[in-house]
Amino acid sequence: MRQYLLPSGGNFYKVNMHSHTNLSDGVQTPEEIKEIYSAHGYAAVAFTEHEGLIDLQRLTDKNFIAINSYEYSFGDYTNPPFCFYEGKPHCFDHVEQMHLNLYAKTPDNTSMVCYNPKYIWGKMKNYMSGFSYVGEPDFIREYTVECFNEVIKTANENGFFVVYNHPSWSLNTYPTYSQLKGLTGFEIINGASNRSSDLEYNPAVYDHMARSGQRLICVGGDDNHNTPNFFNGWTMVKADELSYESIISGITEGNCYASNGPEIYDLYVEDGKVHVTCSDAVGIFFGTAGRRKGCKLSENGAPLVNEAAFTISPEDYYFRITVKDERGKHANTRIYYLDELEEKTEKA
């Protein structure tokens with residue numbers, strides 16, 4: 001029996017999961033972002049302004065979805081950074097950060113969780129200049145895994161799902177990200193940072209997190225602040241229709257893949273093998289939780305590849321597919337767990 005990992009019905013919708021406008025530290029207005037991305041085939045943009053959710057549902061129409069979201073950050077300002085210049089620490093460039101994107105599951109959710117205006121003004125004083133906050137902070141941020149997880153937990157309880165962003169830019173290491181709990185996803189491609197550093201395509205971190213017990217989808221986003229950072233990473237979501245609810249369901253249910261180039265058309269399991277069809281590629285790769293791997297390559301003048309099938313072993317625990325094109329760009333499926341496939345088969 002054929003079991004589709006990306007639904008056989010519906011349509012693919014291109015989504016930028018990480019975006020900034022002049023409402024925080026970007027250059028373009030939200031209206032300009034909508035116009036630019038719509039003209040390049042995007043169906044949705046998550047407006048992840050720093051430190052505050054801004055309701056932009058006025059931009060949503062039959063052809064475009066504005067996703068209510070924001071980027072929540074921590075900085076380890078209590079520990080001296082390792083780089084000094086003229087006896088003074090370079091706090092921002094060398095201090096470890098933790099950045100999380102919080103996405104509202106419904107368009108009417110405009111709340112903010114673990115709000116702390118003192119932190120916002122103290123650490124993000126150049127952002128959010130058009131906002132005035134009143135009242136006392138209801139949450140004190142600390143640079144600890146316990147505090148990160150409290151924010152993730154609170155977000156989940158208040159109608160959000162949470163994605164962990166750009167670990168390389170944040171200077172994060174395994175002891176930090178392996179302890180995160182309650183995440184829905186991981187930003188495997190951060191377009192802006194990867195464009196400027198070649199360090200923010202992070203499949204190895206995705207595998208590290210999976211091996212630490214975290215079951216996550218993977219997404220891509222531009223993290224655009226200005227024009228050069230457009231169209232460098234995105235998420236393709238398979239959904240029944242273009243609506244806020246369908247796009248969010250497609251993401252949270254894992255009916256999506258991350259890309260900065262190639263396309264994946266079909267992905268299914270049949271007769272003990274995972275089958276994939278895709279756009280022109282120099283390689284299609286099959287990865288598991290262990291050392292057992294597989295690939296189909298275009299080598300020594302052979303034609304580019306567009307399909308592959310890989311045998312699944314009961315010992316694999318999980319698998320995922322990567323497609324690489326002639327430019328060295330990648331498309332990444334999420335990780336699929338064998339017990340998850342068994343459960344779906346039983347229900348079917």
# chains A, B, ... in the order shown; residues from 1 in each chain; ligands from 1
$ select_by_dssp --residues "region 85-269 of chain A" --states "strand (DSSP E)" --output "short mmCIF file (atom, residue, chain, number, x, y, z; two decimals) with N, CA and C atoms, in the first residue's frame"
data_model
loop_
_atom_site.label_atom_id
_atom_site.label_comp_id
_atom_site.auth_asym_id
_atom_site.auth_seq_id
_atom_site.Cartn_x
_atom_site.Cartn_y
_atom_site.Cartn_z
N TYR A 85 38.13 44.89 22.88
CA TYR A 85 38.81 45.89 22.07
C TYR A 85 39.01 47.14 22.92
N LYS A 88 37.38 47.01 26.26
CA LYS A 88 35.92 46.99 26.39
C LYS A 88 35.37 45.76 25.65
N PRO A 89 34.40 45.08 26.24
CA PRO A 89 33.83 43.89 25.59
C PRO A 89 32.95 44.27 24.40
N GLN A 97 23.42 34.00 21.82
CA GLN A 97 22.00 34.39 21.74
C GLN A 97 21.14 33.14 21.65
N MET A 98 19.85 33.31 21.87
CA MET A 98 18.86 32.29 21.59
C MET A 98 17.67 32.99 20.97
N HIS A 99 17.32 32.60 19.74
CA HIS A 99 16.21 33.23 19.02
C HIS A 99 15.16 32.18 18.67
N LEU A 100 13.92 32.50 18.99
CA LEU A 100 12.79 31.63 18.73
C LEU A 100 11.74 32.40 17.95
N ASN A 101 11.18 31.78 16.93
CA ASN A 101 10.03 32.37 16.24
C ASN A 101 8.75 31.74 16.79
N LEU A 102 7.83 32.60 17.19
CA LEU A 102 6.53 32.18 17.71
C LEU A 102 5.47 32.49 16.66
N TYR A 103 4.71 31.48 16.24
CA TYR A 103 3.71 31.63 15.19
C TYR A 103 2.32 31.35 15.76
N ALA A 104 1.41 32.30 15.56
CA ALA A 104 0.04 32.12 16.03
C ALA A 104 -0.68 31.09 15.16
N PHE A 160 0.39 29.18 20.17
CA PHE A 160 1.50 29.36 19.24
C PHE A 160 2.22 28.03 19.02
N PHE A 161 2.95 27.94 17.92
CA PHE A 161 3.97 26.92 17.80
C PHE A 161 5.30 27.63 17.63
N VAL A 162 6.40 26.93 17.99
CA VAL A 162 7.69 27.60 18.12
C VAL A 162 8.74 26.91 17.26
N VAL A 163 9.54 27.72 16.57
CA VAL A 163 10.65 27.25 15.75
C VAL A 163 11.95 27.86 16.28
N TYR A 164 12.97 27.04 16.36
CA TYR A 164 14.31 27.45 16.81
C TYR A 164 15.11 27.95 15.62
N GLY A 185 9.49 23.10 15.42
CA GLY A 185 10.36 23.04 14.26
C GLY A 185 11.73 23.65 14.46
N PHE A 186 12.56 23.42 13.46
CA PHE A 186 13.93 23.92 13.42
C PHE A 186 14.15 24.62 12.09
N GLU A 187 14.79 25.79 12.13
CA GLU A 187 15.09 26.55 10.92
C GLU A 187 16.38 25.99 10.31
N ILE A 188 16.23 25.05 9.40
CA ILE A 188 17.38 24.38 8.81
C ILE A 188 18.09 25.28 7.81
N ILE A 189 17.34 26.22 7.20
CA ILE A 189 17.92 27.20 6.27
C ILE A 189 17.51 28.59 6.72
N ASN A 190 18.49 29.42 7.07
CA ASN A 190 18.26 30.84 7.30
C ASN A 190 18.92 31.56 6.13
N ILE A 217 9.84 19.28 12.79
CA ILE A 217 9.83 19.55 11.37
C ILE A 217 11.02 20.47 11.06
N CYS A 218 11.34 20.67 9.79
CA CYS A 218 12.35 21.65 9.42
C CYS A 218 11.75 22.65 8.45
N VAL A 219 12.15 23.91 8.59
CA VAL A 219 11.62 24.98 7.76
C VAL A 219 12.76 25.83 7.23
N GLY A 220 12.45 26.64 6.23
CA GLY A 220 13.39 27.62 5.70
C GLY A 220 12.74 28.99 5.67
N GLY A 221 13.55 30.01 5.86
CA GLY A 221 13.06 31.38 5.80
C GLY A 221 14.18 32.32 5.44
N TRP A 234 13.14 29.15 1.89
CA TRP A 234 11.69 29.16 2.01
C TRP A 234 11.19 27.78 2.43
N THR A 235 9.89 27.71 2.67
CA THR A 235 9.22 26.47 3.05
C THR A 235 8.10 26.21 2.05
N MET A 236 8.08 25.02 1.49
CA MET A 236 7.00 24.62 0.60
C MET A 236 5.99 23.79 1.41
N VAL A 237 4.76 24.28 1.46
CA VAL A 237 3.71 23.69 2.29
C VAL A 237 2.65 23.07 1.39
N LYS A 238 2.33 21.81 1.63
CA LYS A 238 1.25 21.14 0.88
C LYS A 238 -0.04 21.31 1.69
N ALA A 239 -1.03 21.93 1.08
CA ALA A 239 -2.27 22.22 1.79
C ALA A 239 -3.45 22.12 0.83
N CYS A 256 5.36 19.53 4.63
CA CYS A 256 6.15 20.62 4.09
C CYS A 256 7.60 20.18 3.96
N TYR A 257 8.37 20.97 3.23
CA TYR A 257 9.82 20.77 3.18
C TYR A 257 10.49 22.12 3.06
N ALA A 258 11.76 22.18 3.41
CA ALA A 258 12.54 23.42 3.35
C ALA A 258 13.43 23.40 2.12
N SER A 259 13.63 24.58 1.50
CA SER A 259 14.45 24.62 0.29
C SER A 259 15.10 25.99 0.12
N ILE A 264 10.62 19.35 -4.53
CA ILE A 264 10.23 17.96 -4.32
C ILE A 264 8.78 17.84 -4.75
N TYR A 265 8.49 16.92 -5.64
CA TYR A 265 7.15 16.79 -6.19
C TYR A 265 6.32 15.73 -5.47
N ASP A 266 6.92 14.56 -5.28
CA ASP A 266 6.21 13.46 -4.63
C ASP A 266 7.13 12.78 -3.64
N LEU A 267 6.52 12.30 -2.55
CA LEU A 267 7.28 11.58 -1.52
C LEU A 267 6.33 10.57 -0.89
N TYR A 268 6.68 9.28 -1.04
CA TYR A 268 5.79 8.27 -0.49
C TYR A 268 6.57 7.00 -0.18
N VAL A 269 5.96 6.16 0.65
CA VAL A 269 6.51 4.86 1.01
C VAL A 269 5.64 3.77 0.39
#
$ residues_around --residues "Glu299 (chain A)" --least-positions-apart "4" --cutoff "9 Å" --atoms "only C-alpha atoms" --output "PDB file with N, CA, C and O atoms, in the first residue's frame"
ATOM      1  N   VAL A 282      21.712  16.906  -8.888  1.00  0.00           N
ATOM      2  CA  VAL A 282      22.957  16.146  -9.015  1.00  0.00           C
ATOM      3  C   VAL A 282      23.015  15.031  -7.983  1.00  0.00           C
ATOM      4  O   VAL A 282      23.851  14.132  -8.084  1.00  0.00           O
ATOM      5  N   GLY A 283      22.122  15.082  -7.005  1.00  0.00           N
ATOM      6  CA  GLY A 283      22.094  14.020  -6.012  1.00  0.00           C
ATOM      7  C   GLY A 283      20.809  14.017  -5.216  1.00  0.00           C
ATOM      8  O   GLY A 283      20.253  15.071  -4.894  1.00  0.00           O
ATOM      9  N   PRO A 303      23.214  11.863 -16.830  1.00  0.00           N
ATOM     10  CA  PRO A 303      22.112  12.827 -16.776  1.00  0.00           C
ATOM     11  C   PRO A 303      21.767  13.196 -15.327  1.00  0.00           C
ATOM     12  O   PRO A 303      22.014  12.421 -14.394  1.00  0.00           O
ATOM     13  N   LEU A 304      21.200  14.390 -15.167  1.00  0.00           N
ATOM     14  CA  LEU A 304      20.701  14.784 -13.854  1.00  0.00           C
ATOM     15  C   LEU A 304      19.599  13.824 -13.420  1.00  0.00           C
ATOM     16  O   LEU A 304      18.919  13.206 -14.246  1.00  0.00           O
TER      17      LEU A 304
END
$ residues_around --residues "region 63-76 of chain A" --least-positions-apart "4" --cutoff "8 Å" --atoms "only C-alpha atoms" --output "MDAnalysis selection string"
chainID A and resid 34 38 42:57 59 95:104 107 109:110 141:143 242:244
$ atom_distance --atom1 "CA of Thr176 (chain A)" --atom2 "CA of Phe285 (chain A)"
28.3 Å
$ residues_around --residues "Leu341 (chain A)" --least-positions-apart "2" --cutoff "12 Å" --atoms "only C-alpha atoms" --output "PDB file with N, CA and C atoms, in the first residue's frame"
ATOM      1  N   ARG A   2       0.515   2.190  -0.836  1.00  0.00           N
ATOM      2  CA  ARG A   2       1.278   3.435  -0.926  1.00  0.00           C
ATOM      3  C   ARG A   2       0.852   4.390   0.194  1.00  0.00           C
ATOM      4  N   GLN A   3       1.840   4.915   0.869  1.00  0.00           N
ATOM      5  CA  GLN A   3       1.606   5.848   1.972  1.00  0.00           C
ATOM      6  C   GLN A   3       2.317   7.161   1.651  1.00  0.00           C
ATOM      7  N   TYR A   4       1.541   8.197   1.388  1.00  0.00           N
ATOM      8  CA  TYR A   4       2.117   9.474   1.004  1.00  0.00           C
ATOM      9  C   TYR A   4       2.642  10.214   2.232  1.00  0.00           C
ATOM     10  N   LEU A   5       3.894  10.666   2.136  1.00  0.00           N
ATOM     11  CA  LEU A   5       4.486  11.457   3.212  1.00  0.00           C
ATOM     12  C   LEU A   5       4.217  12.944   3.006  1.00  0.00           C
ATOM     13  N   TYR A 268       6.675   9.284  -1.037  1.00  0.00           N
ATOM     14  CA  TYR A 268       5.786   8.271  -0.493  1.00  0.00           C
ATOM     15  C   TYR A 268       6.567   7.003  -0.180  1.00  0.00           C
ATOM     16  N   VAL A 269       5.959   6.162   0.649  1.00  0.00           N
ATOM     17  CA  VAL A 269       6.514   4.858   1.006  1.00  0.00           C
ATOM     18  C   VAL A 269       5.640   3.775   0.391  1.00  0.00           C
ATOM     19  N   GLU A 270       6.287   2.798  -0.223  1.00  0.00           N
ATOM     20  CA  GLU A 270       5.549   1.680  -0.823  1.00  0.00           C
ATOM     21  C   GLU A 270       6.456   0.466  -0.870  1.00  0.00           C
ATOM     22  N   GLY A 272       8.075  -1.132   1.348  1.00  0.00           N
ATOM     23  CA  GLY A 272       9.314  -1.057   2.117  1.00  0.00           C
ATOM     24  C   GLY A 272      10.350  -0.088   1.591  1.00  0.00           C
ATOM     25  N   VAL A 274      11.151   4.138   0.298  1.00  0.00           N
ATOM     26  CA  VAL A 274      10.709   5.515   0.187  1.00  0.00           C
ATOM     27  C   VAL A 274      11.058   5.999  -1.214  1.00  0.00           C
ATOM     28  N   ILE A 312      14.001   0.942   3.193  1.00  0.00           N
ATOM     29  CA  ILE A 312      13.949   1.297   4.611  1.00  0.00           C
ATOM     30  C   ILE A 312      14.222   0.045   5.431  1.00  0.00           C
ATOM     31  N   PRO A 314      14.299  -1.785   9.287  1.00  0.00           N
ATOM     32  CA  PRO A 314      13.666  -1.617  10.604  1.00  0.00           C
ATOM     33  C   PRO A 314      14.582  -0.969  11.632  1.00  0.00           C
ATOM     34  N   TYR A 317      15.279   3.652  12.441  1.00  0.00           N
ATOM     35  CA  TYR A 317      14.621   4.515  13.438  1.00  0.00           C
ATOM     36  C   TYR A 317      13.936   5.700  12.783  1.00  0.00           C
ATOM     37  N   TYR A 318      14.667   6.456  11.971  1.00  0.00           N
ATOM     38  CA  TYR A 318      14.048   7.520  11.184  1.00  0.00           C
ATOM     39  C   TYR A 318      14.812   7.676   9.869  1.00  0.00           C
ATOM     40  N   PHE A 319      14.220   8.442   8.957  1.00  0.00           N
ATOM     41  CA  PHE A 319      14.920   8.787   7.717  1.00  0.00           C
ATOM     42  C   PHE A 319      14.472  10.171   7.264  1.00  0.00           C
ATOM     43  N   ILE A 335      12.204  14.941   9.119  1.00  0.00           N
ATOM     44  CA  ILE A 335      12.516  13.588   9.554  1.00  0.00           C
ATOM     45  C   ILE A 335      11.216  12.806   9.726  1.00  0.00           C
ATOM     46  N   TYR A 336      11.188  11.608   9.171  1.00  0.00           N
ATOM     47  CA  TYR A 336      10.051  10.700   9.304  1.00  0.00           C
ATOM     48  C   TYR A 336      10.481   9.518  10.168  1.00  0.00           C
ATOM     49  N   TYR A 337       9.716   9.247  11.204  1.00  0.00           N
ATOM     50  CA  TYR A 337      10.027   8.175  12.155  1.00  0.00           C
ATOM     51  C   TYR A 337       9.276   6.906  11.768  1.00  0.00           C
ATOM     52  N   LEU A 338       9.941   5.771  11.912  1.00  0.00           N
ATOM     53  CA  LEU A 338       9.323   4.519  11.493  1.00  0.00           C
ATOM     54  C   LEU A 338       8.086   4.191  12.308  1.00  0.00           C
ATOM     55  N   ASP A 339       8.106   4.507  13.617  1.00  0.00           N
ATOM     56  CA  ASP A 339       6.912   4.231  14.410  1.00  0.00           C
ATOM     57  C   ASP A 339       5.754   5.135  14.008  1.00  0.00           C
ATOM     58  N   GLU A 343       2.118   3.798  12.744  1.00  0.00           N
ATOM     59  CA  GLU A 343       0.872   4.282  13.350  1.00  0.00           C
ATOM     60  C   GLU A 343      -0.103   4.740  12.270  1.00  0.00           C
ATOM     61  N   LYS A 344       0.405   5.453  11.260  1.00  0.00           N
ATOM     62  CA  LYS A 344      -0.460   5.932  10.182  1.00  0.00           C
ATOM     63  C   LYS A 344      -1.024   4.757   9.384  1.00  0.00           C
ATOM     64  N   THR A 345      -0.208   3.733   9.192  1.00  0.00           N
ATOM     65  CA  THR A 345      -0.672   2.571   8.444  1.00  0.00           C
ATOM     66  C   THR A 345      -1.772   1.854   9.204  1.00  0.00           C
ATOM     67  N   GLU A 346      -1.618   1.707  10.502  1.00  0.00           N
ATOM     68  CA  GLU A 346      -2.623   1.062  11.334  1.00  0.00           C
ATOM     69  C   GLU A 346      -3.947   1.831  11.299  1.00  0.00           C
ATOM     70  N   LYS A 347      -3.865   3.179  11.355  1.00  0.00           N
ATOM     71  CA  LYS A 347      -5.071   3.989  11.322  1.00  0.00           C
ATOM     72  C   LYS A 347      -5.762   3.880   9.979  1.00  0.00           C
ATOM     73  N   ALA A 348      -4.948   3.824   8.909  1.00  0.00           N
ATOM     74  CA  ALA A 348      -5.523   3.700   7.584  1.00  0.00           C
ATOM     75  C   ALA A 348      -6.261   2.386   7.407  1.00  0.00           C
TER      76      ALA A 348
END
$ atom_distance --atom1 "CA of Thr29 (chain A)" --atom2 "CA of Gly191 (chain A)"
19.4 Å
$ closest_residue --among "A:Thr184, A:Lys153, A:Asn332, A:Ser168" --to "Glu253 (chain A)" --atoms "only C-alpha atoms"
A:Thr184
$ residues_around --residues "His208 (chain A)" --least-positions-apart "5" --cutoff "10 Å" --atoms "only C-alpha atoms" --output "list in words"
Tyr174, Tyr177, Ser178, Pro203, Gly213, Gln214 and Ala289 of chain A
$ write_last_selection --atoms "N, CA, C and O atoms" --output "mmCIF file, in the first residue's frame"
data_model
loop_
_atom_site.group_PDB
_atom_site.id
_atom_site.type_symbol
_atom_site.label_atom_id
_atom_site.label_comp_id
_atom_site.auth_asym_id
_atom_site.auth_seq_id
_atom_site.Cartn_x
_atom_site.Cartn_y
_atom_site.Cartn_z
ATOM 1 N N TYR A 174 25.860 22.227 21.044
ATOM 2 C CA TYR A 174 25.026 21.074 21.370
ATOM 3 C C TYR A 174 24.494 21.094 22.803
ATOM 4 O O TYR A 174 23.305 20.798 23.015
ATOM 5 N N TYR A 177 21.266 23.501 22.538
ATOM 6 C CA TYR A 177 20.088 23.168 21.735
ATOM 7 C C TYR A 177 19.593 21.747 21.964
ATOM 8 O O TYR A 177 18.420 21.453 21.704
ATOM 9 N N SER A 178 20.428 20.868 22.466
ATOM 10 C CA SER A 178 19.972 19.497 22.716
ATOM 11 C C SER A 178 18.997 19.413 23.881
ATOM 12 O O SER A 178 18.291 18.417 24.033
ATOM 13 N N PRO A 203 21.883 21.062 8.390
ATOM 14 C CA PRO A 203 21.316 19.709 8.519
ATOM 15 C C PRO A 203 21.938 18.915 9.664
ATOM 16 O O PRO A 203 21.272 18.077 10.271
ATOM 17 N N GLY A 213 16.449 13.332 20.964
ATOM 18 C CA GLY A 213 15.077 12.971 21.309
ATOM 19 C C GLY A 213 14.022 13.957 20.868
ATOM 20 O O GLY A 213 12.843 13.770 21.167
ATOM 21 N N GLN A 214 14.400 15.001 20.136
ATOM 22 C CA GLN A 214 13.433 16.006 19.712
ATOM 23 C C GLN A 214 12.883 15.660 18.337
ATOM 24 O O GLN A 214 13.643 15.448 17.395
ATOM 25 N N ALA A 289 18.982 7.594 11.194
ATOM 26 C CA ALA A 289 19.491 7.929 12.522
ATOM 27 C C ALA A 289 20.890 7.363 12.761
ATOM 28 O O ALA A 289 21.566 7.771 13.704
#
$ select_by_dssp --residues "region 232-343 of chain A" --states "alpha helix (DSSP H)" --output "ChimeraX atom specification"
/A:244-252,338-343
$ write_last_selection --atoms "N, CA and C atoms" --output "PDB file, in the first residue's frame"
ATOM      1  N   TYR A 244      -5.374  30.725   6.059  1.00  0.00           N
ATOM      2  CA  TYR A 244      -4.496  30.764   7.228  1.00  0.00           C
ATOM      3  C   TYR A 244      -4.468  29.402   7.904  1.00  0.00           C
ATOM      4  N   GLU A 245      -5.641  28.843   8.131  1.00  0.00           N
ATOM      5  CA  GLU A 245      -5.737  27.582   8.855  1.00  0.00           C
ATOM      6  C   GLU A 245      -5.072  26.436   8.099  1.00  0.00           C
ATOM      7  N   SER A 246      -5.248  26.379   6.770  1.00  0.00           N
ATOM      8  CA  SER A 246      -4.660  25.293   5.997  1.00  0.00           C
ATOM      9  C   SER A 246      -3.141  25.384   5.940  1.00  0.00           C
ATOM     10  N   ILE A 247      -2.630  26.597   5.807  1.00  0.00           N
ATOM     11  CA  ILE A 247      -1.180  26.768   5.781  1.00  0.00           C
ATOM     12  C   ILE A 247      -0.570  26.372   7.120  1.00  0.00           C
ATOM     13  N   ILE A 248      -1.165  26.825   8.213  1.00  0.00           N
ATOM     14  CA  ILE A 248      -0.646  26.485   9.543  1.00  0.00           C
ATOM     15  C   ILE A 248      -0.732  24.984   9.781  1.00  0.00           C
ATOM     16  N   SER A 249      -1.848  24.364   9.400  1.00  0.00           N
ATOM     17  CA  SER A 249      -1.980  22.910   9.573  1.00  0.00           C
ATOM     18  C   SER A 249      -0.946  22.169   8.748  1.00  0.00           C
ATOM     19  N   GLY A 250      -0.708  22.628   7.528  1.00  0.00           N
ATOM     20  CA  GLY A 250       0.288  21.985   6.691  1.00  0.00           C
ATOM     21  C   GLY A 250       1.672  22.035   7.309  1.00  0.00           C
ATOM     22  N   ILE A 251       1.986  23.147   7.971  1.00  0.00           N
ATOM     23  CA  ILE A 251       3.284  23.276   8.626  1.00  0.00           C
ATOM     24  C   ILE A 251       3.355  22.412   9.867  1.00  0.00           C
ATOM     25  N   THR A 252       2.396  22.564  10.761  1.00  0.00           N
ATOM     26  CA  THR A 252       2.472  21.868  12.058  1.00  0.00           C
ATOM     27  C   THR A 252       2.318  20.357  11.904  1.00  0.00           C
ATOM     28  N   LEU A 338       9.941   5.771  11.912  1.00  0.00           N
ATOM     29  CA  LEU A 338       9.323   4.519  11.493  1.00  0.00           C
ATOM     30  C   LEU A 338       8.086   4.191  12.308  1.00  0.00           C
ATOM     31  N   ASP A 339       8.106   4.507  13.617  1.00  0.00           N
ATOM     32  CA  ASP A 339       6.912   4.231  14.410  1.00  0.00           C
ATOM     33  C   ASP A 339       5.754   5.135  14.008  1.00  0.00           C
ATOM     34  N   GLU A 340       6.062   6.320  13.515  1.00  0.00           N
ATOM     35  CA  GLU A 340       5.035   7.228  13.001  1.00  0.00           C
ATOM     36  C   GLU A 340       4.390   6.642  11.751  1.00  0.00           C
ATOM     37  N   LEU A 341       5.189   6.050  10.882  1.00  0.00           N
ATOM     38  CA  LEU A 341       4.652   5.435   9.674  1.00  0.00           C
ATOM     39  C   LEU A 341       3.788   4.236  10.008  1.00  0.00           C
ATOM     40  N   GLU A 342       4.227   3.449  10.973  1.00  0.00           N
ATOM     41  CA  GLU A 342       3.456   2.286  11.403  1.00  0.00           C
ATOM     42  C   GLU A 342       2.113   2.709  11.960  1.00  0.00           C
ATOM     43  N   GLU A 343       2.118   3.798  12.744  1.00  0.00           N
ATOM     44  CA  GLU A 343       0.872   4.282  13.350  1.00  0.00           C
ATOM     45  C   GLU A 343      -0.103   4.740  12.270  1.00  0.00           C
TER      46      GLU A 343
END
$ atom_distance --atom1 "CA of Cys295 (chain A)" --atom2 "CA of Asp316 (chain A)"
15.3 Å
